[in-house]
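Worksheet: the structure to be examined is printed underneath.
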Amino acid sequence: MSVNNKQPHVPQTTGHVWDGDLQEYNNPLPNWWLIAFYMTVVFAIVYWFMYPAWPIGRTHTKGLMMITYTNNQGITKTVHWNTRALLMKETNEAVAAQKPYYDKIASTPFEDIAKDPELNSFVLSAGKMLFSDNCAPCHQQGGAGKFGLAPNLTDDDWLWGGHYKEIQQTITDGRHGYMPPFGTVLSDVQMTQLADYILSFEKIPVNPASAQAGNALFHSETAACYYCHGADAKGRVVHGSANLTDGIWLWANVPGAKTIADKEDAIKKVITGGLNKGVMPTWKNRLSAEQIKLLTVYEHDLGGGQ
Amino acid sequence: MFKHEWIETNIGLLAVLTMLAISIGGLVEIAPLFFLKDTVEKVDGVRPYTPLELRGRDIYQREGCYLCHSQMIRPFRDEALRYGHYSLAAESQYDHPFQWGSKRTGPDLARVGKKYSNEWMTQHLVSPRSVVPQSVMPNFPWLLTTPLDYSDIEDRMRALRQTGVPYSLNQAEYNANVKKFGPDTAKLLDITHARQNLIAQAEQGDYDGDRSHISEMDALVAYLQVLGTMVDFRKYDDDAFVKYR
């Protein structure tokens with residue numbers, strides 16, 4: 001054939017003739033292609049013997065290849081090769097390689113983890129990976145948060161507490177923010193007064209008389225805001241209630257509102273409808289206790305930890 | 001002696017032999033799965049979808065989510081690290097058709113349930129780039145404003161019942177479900193109460209953060225939040241496969 005290729009092209013036919021003169025060209029495949037094709041056939045046959053391949057009734061051929069792995073109970077077994085055993089082998093090898101670090105994290109007090117340079121670099125690299133996959137969708141890369149969805153993790157304002165233990169509990173069990181709606185309890189004027197009282201903390205030039213009335217209302221049994229937000233309006237970590245005095249907003253778009261009336265309306269909207277959001281998922285079923293502790297340290301050290 | 005020409009000149013024989021040849025692939029790859037013991041592992045917790053989740057699944061298919069998202073975590077370490085435990089065949093035993101897929105433009109969704117809050121799901125579906133700046137997912141804002149059509153929910157469940165999904169139509173089937181799934185789940189699988197169950201779940205779950213009406217978003221988020229959450233893998237023996245190897 002290689003000789004034919006060098007000659008002027010003379011069409012070969014298959015030799016079949018239909019209707020007296022209808023013929024079929026025969027252009028055979030190049031040799032290199034045919035050899036490669038037969039090699040894949042040979043490869044497949046070898047593969048059938050080496051790996052699980054053919055079904056036979058209720059079972060299948062197991063193959064000659066074996067794999068030795070250690071299961072989650074620490075028992076080492078040798079079985080016919082399969083991907084699940086390979087996964088278990090690779091996973092448990094990786095777990096074993098990381099075990100010294102995670103053991104050290106588990107046994108080291110929060111405060112001392114960052115002081116150990118080796119442990120700290122493990123926290124930074126593993127924490128970055130875990131944070132990007134699990135936390136960043138809501139809290140964004142770097143932990144800057146998202147207005148109206150998830151709080152900023154790098155500032156000093158903490159809804160559920162910024163100490164190690166509190167952060168650890170937030171990640172482990174999740175959180176669910178709740179504020180009851182006051183739309184049917186308070187009048188529009190009363191809500192404006194409350195909004196003015198809150199805005200007065202930010203030195204926004206609201207009507208002083210209205211803010212004064214709001215102050216009284218805030219601490220009265222009618223609105224009873226102080227129950228959750230505290231007598232100083234600085235919020236209570238145990239309720240996840242917001243600090244209303246620090247100019248940091250998650251739900252009411254006060255910074256985005258231009259006029260005082262718009263700022264009042266933004267706050268009144270929250271007072272009217274309440275809040276039943278700010279849901280932080282539970283992570284204890286998805287991450288190990290050591291991973292959560294690592295994330296706690298990573299997150300604490302993003303900037304705002306107390 | 002057998003001659004090539006016989007086949008080429010006999011259209012009937014050609015058709016029969018062509019069909020034989022192309023059915024070998026199916027016979028070898030698909031048919032044995034109906035007989036192999038380890039095709040569908042036994043695992044606790046998997047139940048059919050509730051009426052609301054079922055409508056969410058319909059919307060998932062209507063919007064073509066499966067074109068970019070798979071729902072099958074393969075037993076590889078990188079996938080296990082990112083998505084969680086590898087998928088079991090038993091987990092999609094009530095899916096008709098299953099949503100395994102083989103194309104991932106977006107991430108796998110087999111275990112996305114409860115990973116994010118309902119608020120995040122809703123905001124992300126309305127405007128993905130508002131929460132994930134690098135996302136290439138389209139916006140689906142109409143899900144939030146379109147009321148969910150559940151007028152034919154009983155028919156949809158009845159159709160799935162025909163394919164073997166244990167939605168109950170009579171007392172005997174209901175009792176069987178109580179035995180298999182427990183009384184709470186059995187009530188949700190009762191076709192005769194489908195409509196009130198759907199409304200109750202949507203109102204209680206408040207998936208889209210708007211209680212004024214049941215939107216398509218309610219159904220889709222309810223469906224997404226249950227994906228991959230039915231099996232408790234702390235109780236699953238990962239080494240159980242050994243007896244088949």
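How things are named: the first chain in the structure tokens is A, the next is B, and so on; residues count from 1 in each chain; ligands count from 1 in the order shown.
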Discussion item. With only C-alpha atoms as the counted atoms, please give the residues lying no more than 10 Å from Gln99 of chain B, apart from itself and same-chain residues fewer than 5 positions off, as a PyMOL selection string.
Written reply: chain B and resi 57+60-61+65-67+69-72+92+109-110
Residues of the last selection are to be written out with C-alpha atoms, as a JSON list (two decimals), in the first residue's frame.
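This went into selection_33.json:
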[["chain", "number", "residue", "atom", "x", "y", "z"],
["B", 57, "ARG", "CA", -37.88, 19.35, 40.16],
["B", 60, "TYR", "CA", -35.41, 22.47, 37.41],
["B", 61, "GLN", "CA", -35.94, 20.45, 34.24],
["B", 65, "CYS", "CA", -30.55, 23.40, 34.95],
["B", 66, "TYR", "CA", -29.27, 19.92, 34.07],
["B", 67, "LEU", "CA", -27.54, 21.36, 31.01],
["B", 69, "HIS", "CA", -25.28, 21.12, 36.56],
["B", 70, "SER", "CA", -24.73, 17.42, 37.16],
["B", 71, "GLN", "CA", -26.16, 15.58, 40.13],
["B", 72, "MET", "CA", -23.67, 12.81, 40.56],
["B", 92, "SER", "CA", -31.89, 8.62, 42.67],
["B", 109, "LEU", "CA", -25.65, 19.86, 42.85],
["B", 110, "ALA", "CA", -26.09, 16.34, 44.21]]
Among segment 147-244 of chain B, which ones does DSSP assign to alpha helix (DSSP H) (computed from the backbone)? Answer as a PDB file with N, CA, C and O atoms, in the first residue's frame.
ATOM      1  N   ILE B 153     -51.029  18.648  40.107  1.00  0.00           N
ATOM      2  CA  ILE B 153     -50.039  17.939  40.923  1.00  0.00           C
ATOM      3  C   ILE B 153     -50.428  16.475  41.136  1.00  0.00           C
ATOM      4  O   ILE B 153     -49.572  15.589  41.127  1.00  0.00           O
ATOM      5  N   GLU B 154     -51.743  16.211  41.292  1.00  0.00           N
ATOM      6  CA  GLU B 154     -52.167  14.818  41.500  1.00  0.00           C
ATOM      7  C   GLU B 154     -51.841  13.972  40.274  1.00  0.00           C
ATOM      8  O   GLU B 154     -51.394  12.826  40.402  1.00  0.00           O
ATOM      9  N   ASP B 155     -52.062  14.550  39.076  1.00  0.00           N
ATOM     10  CA  ASP B 155     -51.778  13.803  37.848  1.00  0.00           C
ATOM     11  C   ASP B 155     -50.288  13.503  37.719  1.00  0.00           C
ATOM     12  O   ASP B 155     -49.894  12.419  37.300  1.00  0.00           O
ATOM     13  N   ARG B 156     -49.480  14.497  38.084  1.00  0.00           N
ATOM     14  CA  ARG B 156     -48.028  14.301  37.995  1.00  0.00           C
ATOM     15  C   ARG B 156     -47.590  13.170  38.928  1.00  0.00           C
ATOM     16  O   ARG B 156     -46.741  12.356  38.583  1.00  0.00           O
ATOM     17  N   MET B 157     -48.162  13.145  40.129  1.00  0.00           N
ATOM     18  CA  MET B 157     -47.786  12.091  41.079  1.00  0.00           C
ATOM     19  C   MET B 157     -48.316  10.735  40.603  1.00  0.00           C
ATOM     20  O   MET B 157     -47.646   9.716  40.745  1.00  0.00           O
ATOM     21  N   ARG B 158     -49.517  10.750  40.027  1.00  0.00           N
ATOM     22  CA  ARG B 158     -50.089   9.496  39.533  1.00  0.00           C
ATOM     23  C   ARG B 158     -49.224   8.924  38.406  1.00  0.00           C
ATOM     24  O   ARG B 158     -49.025   7.723  38.311  1.00  0.00           O
ATOM     25  N   ALA B 159     -48.722   9.812  37.564  1.00  0.00           N
ATOM     26  CA  ALA B 159     -47.863   9.358  36.459  1.00  0.00           C
ATOM     27  C   ALA B 159     -46.591   8.712  37.006  1.00  0.00           C
ATOM     28  O   ALA B 159     -46.165   7.656  36.532  1.00  0.00           O
ATOM     29  N   LEU B 160     -46.002   9.337  38.021  1.00  0.00           N
ATOM     30  CA  LEU B 160     -44.789   8.762  38.603  1.00  0.00           C
ATOM     31  C   LEU B 160     -45.088   7.449  39.320  1.00  0.00           C
ATOM     32  O   LEU B 160     -44.262   6.538  39.353  1.00  0.00           O
ATOM     33  N   ARG B 161     -46.306   7.365  39.889  1.00  0.00           N
ATOM     34  CA  ARG B 161     -46.707   6.127  40.559  1.00  0.00           C
ATOM     35  C   ARG B 161     -46.700   4.965  39.566  1.00  0.00           C
ATOM     36  O   ARG B 161     -46.320   3.841  39.902  1.00  0.00           O
ATOM     37  N   GLN B 162     -47.085   5.295  38.323  1.00  0.00           N
ATOM     38  CA  GLN B 162     -47.079   4.264  37.267  1.00  0.00           C
ATOM     39  C   GLN B 162     -45.675   3.718  37.025  1.00  0.00           C
ATOM     40  O   GLN B 162     -45.501   2.571  36.633  1.00  0.00           O
ATOM     41  N   GLN B 171     -55.764   3.130  50.741  1.00  0.00           N
ATOM     42  CA  GLN B 171     -55.373   2.875  52.132  1.00  0.00           C
ATOM     43  C   GLN B 171     -54.252   1.837  52.222  1.00  0.00           C
ATOM     44  O   GLN B 171     -53.326   1.986  53.028  1.00  0.00           O
ATOM     45  N   ALA B 172     -54.321   0.813  51.372  1.00  0.00           N
ATOM     46  CA  ALA B 172     -53.312  -0.254  51.445  1.00  0.00           C
ATOM     47  C   ALA B 172     -51.928   0.300  51.107  1.00  0.00           C
ATOM     48  O   ALA B 172     -50.939   0.017  51.796  1.00  0.00           O
ATOM     49  N   GLU B 173     -51.873   1.132  50.050  1.00  0.00           N
ATOM     50  CA  GLU B 173     -50.587   1.725  49.664  1.00  0.00           C
ATOM     51  C   GLU B 173     -50.096   2.686  50.735  1.00  0.00           C
ATOM     52  O   GLU B 173     -48.907   2.774  51.028  1.00  0.00           O
ATOM     53  N   TYR B 174     -51.055   3.410  51.325  1.00  0.00           N
ATOM     54  CA  TYR B 174     -50.695   4.345  52.401  1.00  0.00           C
ATOM     55  C   TYR B 174     -50.083   3.588  53.580  1.00  0.00           C
ATOM     56  O   TYR B 174     -49.048   3.977  54.116  1.00  0.00           O
ATOM     57  N   ASN B 175     -50.723   2.471  53.940  1.00  0.00           N
ATOM     58  CA  ASN B 175     -50.207   1.674  55.057  1.00  0.00           C
ATOM     59  C   ASN B 175     -48.812   1.136  54.755  1.00  0.00           C
ATOM     60  O   ASN B 175     -47.952   1.099  55.633  1.00  0.00           O
ATOM     61  N   ALA B 176     -48.614   0.740  53.502  1.00  0.00           N
ATOM     62  CA  ALA B 176     -47.286   0.242  53.116  1.00  0.00           C
ATOM     63  C   ALA B 176     -46.244   1.343  53.269  1.00  0.00           C
ATOM     64  O   ALA B 176     -45.121   1.102  53.703  1.00  0.00           O
ATOM     65  N   ASN B 177     -46.638   2.581  52.907  1.00  0.00           N
ATOM     66  CA  ASN B 177     -45.711   3.714  53.042  1.00  0.00           C
ATOM     67  C   ASN B 177     -45.412   4.028  54.503  1.00  0.00           C
ATOM     68  O   ASN B 177     -44.289   4.400  54.848  1.00  0.00           O
ATOM     69  N   VAL B 178     -46.431   3.894  55.364  1.00  0.00           N
ATOM     70  CA  VAL B 178     -46.210   4.126  56.799  1.00  0.00           C
ATOM     71  C   VAL B 178     -45.156   3.148  57.294  1.00  0.00           C
ATOM     72  O   VAL B 178     -44.246   3.505  58.037  1.00  0.00           O
ATOM     73  N   LYS B 179     -45.265   1.921  56.835  1.00  0.00           N
ATOM     74  CA  LYS B 179     -44.323   0.885  57.258  1.00  0.00           C
ATOM     75  C   LYS B 179     -42.919   1.184  56.730  1.00  0.00           C
ATOM     76  O   LYS B 179     -41.925   0.995  57.421  1.00  0.00           O
ATOM     77  N   LYS B 180     -42.859   1.661  55.480  1.00  0.00           N
ATOM     78  CA  LYS B 180     -41.562   1.849  54.829  1.00  0.00           C
ATOM     79  C   LYS B 180     -40.890   3.169  55.220  1.00  0.00           C
ATOM     80  O   LYS B 180     -39.687   3.208  55.449  1.00  0.00           O
ATOM     81  N   PHE B 181     -41.671   4.245  55.284  1.00  0.00           N
ATOM     82  CA  PHE B 181     -41.076   5.578  55.478  1.00  0.00           C
ATOM     83  C   PHE B 181     -41.459   6.227  56.811  1.00  0.00           C
ATOM     84  O   PHE B 181     -40.964   7.293  57.133  1.00  0.00           O
ATOM     85  N   PRO B 183     -44.915   7.418  59.503  1.00  0.00           N
ATOM     86  CA  PRO B 183     -46.196   8.101  59.264  1.00  0.00           C
ATOM     87  C   PRO B 183     -46.050   9.513  58.703  1.00  0.00           C
ATOM     88  O   PRO B 183     -46.854   9.927  57.863  1.00  0.00           O
ATOM     89  N   ASP B 184     -45.038  10.266  59.154  1.00  0.00           N
ATOM     90  CA  ASP B 184     -44.909  11.661  58.697  1.00  0.00           C
ATOM     91  C   ASP B 184     -44.660  11.732  57.194  1.00  0.00           C
ATOM     92  O   ASP B 184     -45.280  12.520  56.480  1.00  0.00           O
ATOM     93  N   THR B 185     -43.714  10.909  56.725  1.00  0.00           N
ATOM     94  CA  THR B 185     -43.406  10.905  55.295  1.00  0.00           C
ATOM     95  C   THR B 185     -44.570  10.316  54.504  1.00  0.00           C
ATOM     96  O   THR B 185     -44.912  10.823  53.435  1.00  0.00           O
ATOM     97  N   ALA B 186     -45.189   9.274  55.034  1.00  0.00           N
ATOM     98  CA  ALA B 186     -46.298   8.625  54.320  1.00  0.00           C
ATOM     99  C   ALA B 186     -47.404   9.625  53.998  1.00  0.00           C
ATOM    100  O   ALA B 186     -47.995   9.592  52.920  1.00  0.00           O
ATOM    101  N   LYS B 187     -47.674  10.533  54.948  1.00  0.00           N
ATOM    102  CA  LYS B 187     -48.716  11.548  54.710  1.00  0.00           C
ATOM    103  C   LYS B 187     -48.354  12.415  53.511  1.00  0.00           C
ATOM    104  O   LYS B 187     -49.224  12.797  52.724  1.00  0.00           O
ATOM    105  N   LEU B 188     -47.071  12.739  53.370  1.00  0.00           N
ATOM    106  CA  LEU B 188     -46.639  13.612  52.274  1.00  0.00           C
ATOM    107  C   LEU B 188     -46.703  12.911  50.923  1.00  0.00           C
ATOM    108  O   LEU B 188     -46.688  13.551  49.884  1.00  0.00           O
ATOM    109  N   ALA B 194     -52.313  15.796  48.135  1.00  0.00           N
ATOM    110  CA  ALA B 194     -51.146  16.441  47.530  1.00  0.00           C
ATOM    111  C   ALA B 194     -51.239  17.967  47.614  1.00  0.00           C
ATOM    112  O   ALA B 194     -50.291  18.649  47.983  1.00  0.00           O
ATOM    113  N   ARG B 195     -52.413  18.489  47.275  1.00  0.00           N
ATOM    114  CA  ARG B 195     -52.542  19.930  47.159  1.00  0.00           C
ATOM    115  C   ARG B 195     -52.352  20.616  48.510  1.00  0.00           C
ATOM    116  O   ARG B 195     -51.599  21.575  48.630  1.00  0.00           O
ATOM    117  N   GLN B 196     -53.023  20.090  49.536  1.00  0.00           N
ATOM    118  CA  GLN B 196     -52.878  20.751  50.849  1.00  0.00           C
ATOM    119  C   GLN B 196     -51.477  20.560  51.415  1.00  0.00           C
ATOM    120  O   GLN B 196     -50.956  21.439  52.093  1.00  0.00           O
ATOM    121  N   ASN B 197     -50.849  19.414  51.106  1.00  0.00           N
ATOM    122  CA  ASN B 197     -49.472  19.212  51.558  1.00  0.00           C
ATOM    123  C   ASN B 197     -48.529  20.210  50.905  1.00  0.00           C
ATOM    124  O   ASN B 197     -47.617  20.731  51.541  1.00  0.00           O
ATOM    125  N   LEU B 198     -48.757  20.446  49.611  1.00  0.00           N
ATOM    126  CA  LEU B 198     -47.903  21.391  48.874  1.00  0.00           C
ATOM    127  C   LEU B 198     -48.033  22.790  49.474  1.00  0.00           C
ATOM    128  O   LEU B 198     -47.037  23.457  49.764  1.00  0.00           O
ATOM    129  N   ILE B 199     -49.283  23.211  49.698  1.00  0.00           N
ATOM    130  CA  ILE B 199     -49.507  24.553  50.239  1.00  0.00           C
ATOM    131  C   ILE B 199     -48.898  24.671  51.631  1.00  0.00           C
ATOM    132  O   ILE B 199     -48.224  25.652  51.966  1.00  0.00           O
ATOM    133  N   ALA B 200     -49.094  23.618  52.448  1.00  0.00           N
ATOM    134  CA  ALA B 200     -48.591  23.660  53.829  1.00  0.00           C
ATOM    135  C   ALA B 200     -47.069  23.757  53.850  1.00  0.00           C
ATOM    136  O   ALA B 200     -46.500  24.552  54.607  1.00  0.00           O
ATOM    137  N   GLN B 201     -46.413  22.975  53.002  1.00  0.00           N
ATOM    138  CA  GLN B 201     -44.946  23.002  53.004  1.00  0.00           C
ATOM    139  C   GLN B 201     -44.415  24.357  52.537  1.00  0.00           C
ATOM    140  O   GLN B 201     -43.457  24.889  53.094  1.00  0.00           O
ATOM    141  N   ALA B 202     -45.072  24.924  51.513  1.00  0.00           N
ATOM    142  CA  ALA B 202     -44.623  26.221  50.997  1.00  0.00           C
ATOM    143  C   ALA B 202     -44.813  27.308  52.047  1.00  0.00           C
ATOM    144  O   ALA B 202     -43.956  28.175  52.232  1.00  0.00           O
ATOM    145  N   GLU B 203     -45.953  27.255  52.770  1.00  0.00           N
ATOM    146  CA  GLU B 203     -46.209  28.299  53.767  1.00  0.00           C
ATOM    147  C   GLU B 203     -45.287  28.145  54.958  1.00  0.00           C
ATOM    148  O   GLU B 203     -44.778  29.123  55.500  1.00  0.00           O
ATOM    149  N   GLN B 204     -45.064  26.907  55.365  1.00  0.00           N
ATOM    150  CA  GLN B 204     -44.212  26.686  56.527  1.00  0.00           C
ATOM    151  C   GLN B 204     -42.746  26.959  56.202  1.00  0.00           C
ATOM    152  O   GLN B 204     -42.026  27.562  56.987  1.00  0.00           O
ATOM    153  N   GLY B 205     -42.315  26.513  55.009  1.00  0.00           N
ATOM    154  CA  GLY B 205     -40.908  26.669  54.652  1.00  0.00           C
ATOM    155  C   GLY B 205     -40.540  28.088  54.278  1.00  0.00           C
ATOM    156  O   GLY B 205     -39.433  28.515  54.503  1.00  0.00           O
ATOM    157  N   GLU B 216     -42.870  29.952  41.905  1.00  0.00           N
ATOM    158  CA  GLU B 216     -42.041  28.861  41.395  1.00  0.00           C
ATOM    159  C   GLU B 216     -40.732  28.780  42.159  1.00  0.00           C
ATOM    160  O   GLU B 216     -40.136  27.713  42.282  1.00  0.00           O
ATOM    161  N   MET B 217     -40.276  29.933  42.686  1.00  0.00           N
ATOM    162  CA  MET B 217     -39.060  29.950  43.489  1.00  0.00           C
ATOM    163  C   MET B 217     -39.221  29.086  44.736  1.00  0.00           C
ATOM    164  O   MET B 217     -38.304  28.357  45.128  1.00  0.00           O
ATOM    165  N   ASP B 218     -40.407  29.157  45.373  1.00  0.00           N
ATOM    166  CA  ASP B 218     -40.666  28.327  46.552  1.00  0.00           C
ATOM    167  C   ASP B 218     -40.403  26.860  46.235  1.00  0.00           C
ATOM    168  O   ASP B 218     -39.737  26.153  46.990  1.00  0.00           O
ATOM    169  N   ALA B 219     -40.948  26.417  45.101  1.00  0.00           N
ATOM    170  CA  ALA B 219     -40.831  25.006  44.745  1.00  0.00           C
ATOM    171  C   ALA B 219     -39.389  24.634  44.411  1.00  0.00           C
ATOM    172  O   ALA B 219     -38.873  23.618  44.880  1.00  0.00           O
ATOM    173  N   LEU B 220     -38.735  25.479  43.628  1.00  0.00           N
ATOM    174  CA  LEU B 220     -37.367  25.147  43.195  1.00  0.00           C
ATOM    175  C   LEU B 220     -36.409  25.129  44.393  1.00  0.00           C
ATOM    176  O   LEU B 220     -35.573  24.217  44.517  1.00  0.00           O
ATOM    177  N   VAL B 221     -36.535  26.115  45.282  1.00  0.00           N
ATOM    178  CA  VAL B 221     -35.638  26.140  46.447  1.00  0.00           C
ATOM    179  C   VAL B 221     -35.936  24.950  47.368  1.00  0.00           C
ATOM    180  O   VAL B 221     -35.017  24.323  47.901  1.00  0.00           O
ATOM    181  N   ALA B 222     -37.222  24.608  47.514  1.00  0.00           N
ATOM    182  CA  ALA B 222     -37.568  23.432  48.333  1.00  0.00           C
ATOM    183  C   ALA B 222     -36.896  22.185  47.766  1.00  0.00           C
ATOM    184  O   ALA B 222     -36.375  21.343  48.508  1.00  0.00           O
ATOM    185  N   TYR B 223     -36.904  22.072  46.440  1.00  0.00           N
ATOM    186  CA  TYR B 223     -36.254  20.926  45.795  1.00  0.00           C
ATOM    187  C   TYR B 223     -34.744  20.954  46.000  1.00  0.00           C
ATOM    188  O   TYR B 223     -34.143  19.963  46.420  1.00  0.00           O
ATOM    189  N   LEU B 224     -34.128  22.108  45.754  1.00  0.00           N
ATOM    190  CA  LEU B 224     -32.665  22.205  45.891  1.00  0.00           C
ATOM    191  C   LEU B 224     -32.220  21.921  47.329  1.00  0.00           C
ATOM    192  O   LEU B 224     -31.173  21.322  47.558  1.00  0.00           O
TER     193      LEU B 224
END
Worksheet item: Could you list, as a count of residues only, every residue of chain B that has an atom within 10 Å of an atom of chain A, counting only C-alpha atoms?
Response: 52
Worksheet item: Neighbours of Ile167 of chain A within 12 Å (only C-alpha atoms; same-chain residues fewer than 3 positions away dropped), as a ChimeraX atom specification?
Response: /A:110,153,158-164,170-175,237,280,292-301,304-306
Worksheet item: Hey, what's within 10 Å of Met179 of chain A if we count only C-alpha atoms and toss same-chain stuff fewer than 6 positions away? As a VMD selection string, please?
Response: chain A and resid 225 228 239 to 241 270 to 271 273 to 277
Fill in: 10 Å contact set for Lys268 of chain A, only C-alpha atoms, chain neighbours under 2 positions out, as a ChimeraX atom specification
/A:182-183,188,190-196,252,262-266,270-274
Output file for the selection above: N, CA and C atoms, as a PDB file, in the first residue's frame:
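That gives us again-v2.pdb:
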ATOM      1  N   PHE A 182     -43.577  44.757  63.754  1.00  0.00           N
ATOM      2  CA  PHE A 182     -44.286  45.685  64.636  1.00  0.00           C
ATOM      3  C   PHE A 182     -45.310  46.523  63.874  1.00  0.00           C
ATOM      4  N   GLY A 183     -45.550  46.154  62.616  1.00  0.00           N
ATOM      5  CA  GLY A 183     -46.435  46.952  61.775  1.00  0.00           C
ATOM      6  C   GLY A 183     -47.816  47.134  62.353  1.00  0.00           C
ATOM      7  N   ASP A 188     -47.423  54.756  62.577  1.00  0.00           N
ATOM      8  CA  ASP A 188     -46.397  55.277  61.672  1.00  0.00           C
ATOM      9  C   ASP A 188     -45.547  56.339  62.379  1.00  0.00           C
ATOM     10  N   GLN A 190     -44.986  56.604  65.589  1.00  0.00           N
ATOM     11  CA  GLN A 190     -44.122  55.945  66.580  1.00  0.00           C
ATOM     12  C   GLN A 190     -42.887  55.324  65.915  1.00  0.00           C
ATOM     13  N   MET A 191     -43.110  54.728  64.747  1.00  0.00           N
ATOM     14  CA  MET A 191     -41.974  54.105  64.053  1.00  0.00           C
ATOM     15  C   MET A 191     -40.989  55.163  63.571  1.00  0.00           C
ATOM     16  N   THR A 192     -41.515  56.323  63.125  1.00  0.00           N
ATOM     17  CA  THR A 192     -40.635  57.420  62.730  1.00  0.00           C
ATOM     18  C   THR A 192     -39.818  57.891  63.919  1.00  0.00           C
ATOM     19  N   GLN A 193     -40.471  57.956  65.084  1.00  0.00           N
ATOM     20  CA  GLN A 193     -39.754  58.383  66.294  1.00  0.00           C
ATOM     21  C   GLN A 193     -38.630  57.404  66.626  1.00  0.00           C
ATOM     22  N   LEU A 194     -38.926  56.110  66.538  1.00  0.00           N
ATOM     23  CA  LEU A 194     -37.899  55.101  66.811  1.00  0.00           C
ATOM     24  C   LEU A 194     -36.744  55.225  65.821  1.00  0.00           C
ATOM     25  N   ALA A 195     -37.096  55.426  64.538  1.00  0.00           N
ATOM     26  CA  ALA A 195     -36.061  55.558  63.508  1.00  0.00           C
ATOM     27  C   ALA A 195     -35.194  56.771  63.800  1.00  0.00           C
ATOM     28  N   ASP A 196     -35.823  57.881  64.233  1.00  0.00           N
ATOM     29  CA  ASP A 196     -35.058  59.089  64.542  1.00  0.00           C
ATOM     30  C   ASP A 196     -34.125  58.858  65.730  1.00  0.00           C
ATOM     31  N   ALA A 252     -31.390  47.279  56.998  1.00  0.00           N
ATOM     32  CA  ALA A 252     -31.987  48.554  56.612  1.00  0.00           C
ATOM     33  C   ALA A 252     -30.950  49.335  55.812  1.00  0.00           C
ATOM     34  N   ASP A 262     -35.635  59.223  53.716  1.00  0.00           N
ATOM     35  CA  ASP A 262     -35.367  57.895  53.139  1.00  0.00           C
ATOM     36  C   ASP A 262     -34.721  56.970  54.162  1.00  0.00           C
ATOM     37  N   LYS A 263     -33.823  57.550  54.966  1.00  0.00           N
ATOM     38  CA  LYS A 263     -33.172  56.750  56.011  1.00  0.00           C
ATOM     39  C   LYS A 263     -34.208  56.271  57.023  1.00  0.00           C
ATOM     40  N   GLU A 264     -35.124  57.179  57.376  1.00  0.00           N
ATOM     41  CA  GLU A 264     -36.198  56.799  58.305  1.00  0.00           C
ATOM     42  C   GLU A 264     -37.037  55.669  57.712  1.00  0.00           C
ATOM     43  N   ASP A 265     -37.347  55.820  56.425  1.00  0.00           N
ATOM     44  CA  ASP A 265     -38.187  54.807  55.777  1.00  0.00           C
ATOM     45  C   ASP A 265     -37.506  53.441  55.760  1.00  0.00           C
ATOM     46  N   ALA A 266     -36.180  53.451  55.532  1.00  0.00           N
ATOM     47  CA  ALA A 266     -35.449  52.190  55.480  1.00  0.00           C
ATOM     48  C   ALA A 266     -35.553  51.464  56.822  1.00  0.00           C
ATOM     49  N   VAL A 270     -38.015  47.816  58.190  1.00  0.00           N
ATOM     50  CA  VAL A 270     -37.603  46.662  58.998  1.00  0.00           C
ATOM     51  C   VAL A 270     -38.486  46.532  60.234  1.00  0.00           C
ATOM     52  N   ILE A 271     -38.789  47.679  60.886  1.00  0.00           N
ATOM     53  CA  ILE A 271     -39.627  47.624  62.094  1.00  0.00           C
ATOM     54  C   ILE A 271     -41.009  47.082  61.728  1.00  0.00           C
ATOM     55  N   THR A 272     -41.543  47.534  60.596  1.00  0.00           N
ATOM     56  CA  THR A 272     -42.887  47.118  60.185  1.00  0.00           C
ATOM     57  C   THR A 272     -42.948  45.608  59.943  1.00  0.00           C
ATOM     58  N   GLY A 273     -42.048  45.123  59.104  1.00  0.00           N
ATOM     59  CA  GLY A 273     -42.149  43.732  58.672  1.00  0.00           C
ATOM     60  C   GLY A 273     -41.377  42.754  59.545  1.00  0.00           C
ATOM     61  N   GLY A 274     -40.488  43.272  60.381  1.00  0.00           N
ATOM     62  CA  GLY A 274     -39.636  42.371  61.153  1.00  0.00           C
ATOM     63  C   GLY A 274     -38.651  41.665  60.245  1.00  0.00           C
TER      64      GLY A 274
END
Practice prompt. Based on DSSP run over this structure's backbone, return all residues of segment 70-294 of chain A in strand (DSSP E or B), as a PyMOL selection string.
Written response: chain A and resi 70+76-80+146+150+175-176+179+275+279-280
Worksheet item: What does the distance from atom CA of Thr163 of chain B to atom CA of Val43 of chain B come to in Å, to one decimal?
Response: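 Going from atom CA of Thr163 of chain B over to atom CA of Val43 of chain B, I get 20.5 Å.
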Fill in: Straight-line distance linking atom CA of Thr105 of chain B with atom CA of Cys68 of chain B, stated in Å to one decimal
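So the answer is 4.7 Å.
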Practice prompt. Can you work out which one of B:Glu79, B:Asp108, B:Glu8, B:Asp95 has the shortest atom-to-atom distance to Glu53 of chain B, counting only C-alpha atoms?
Written response: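 Closest residue, counting only C-alpha atoms: B:Asp95.
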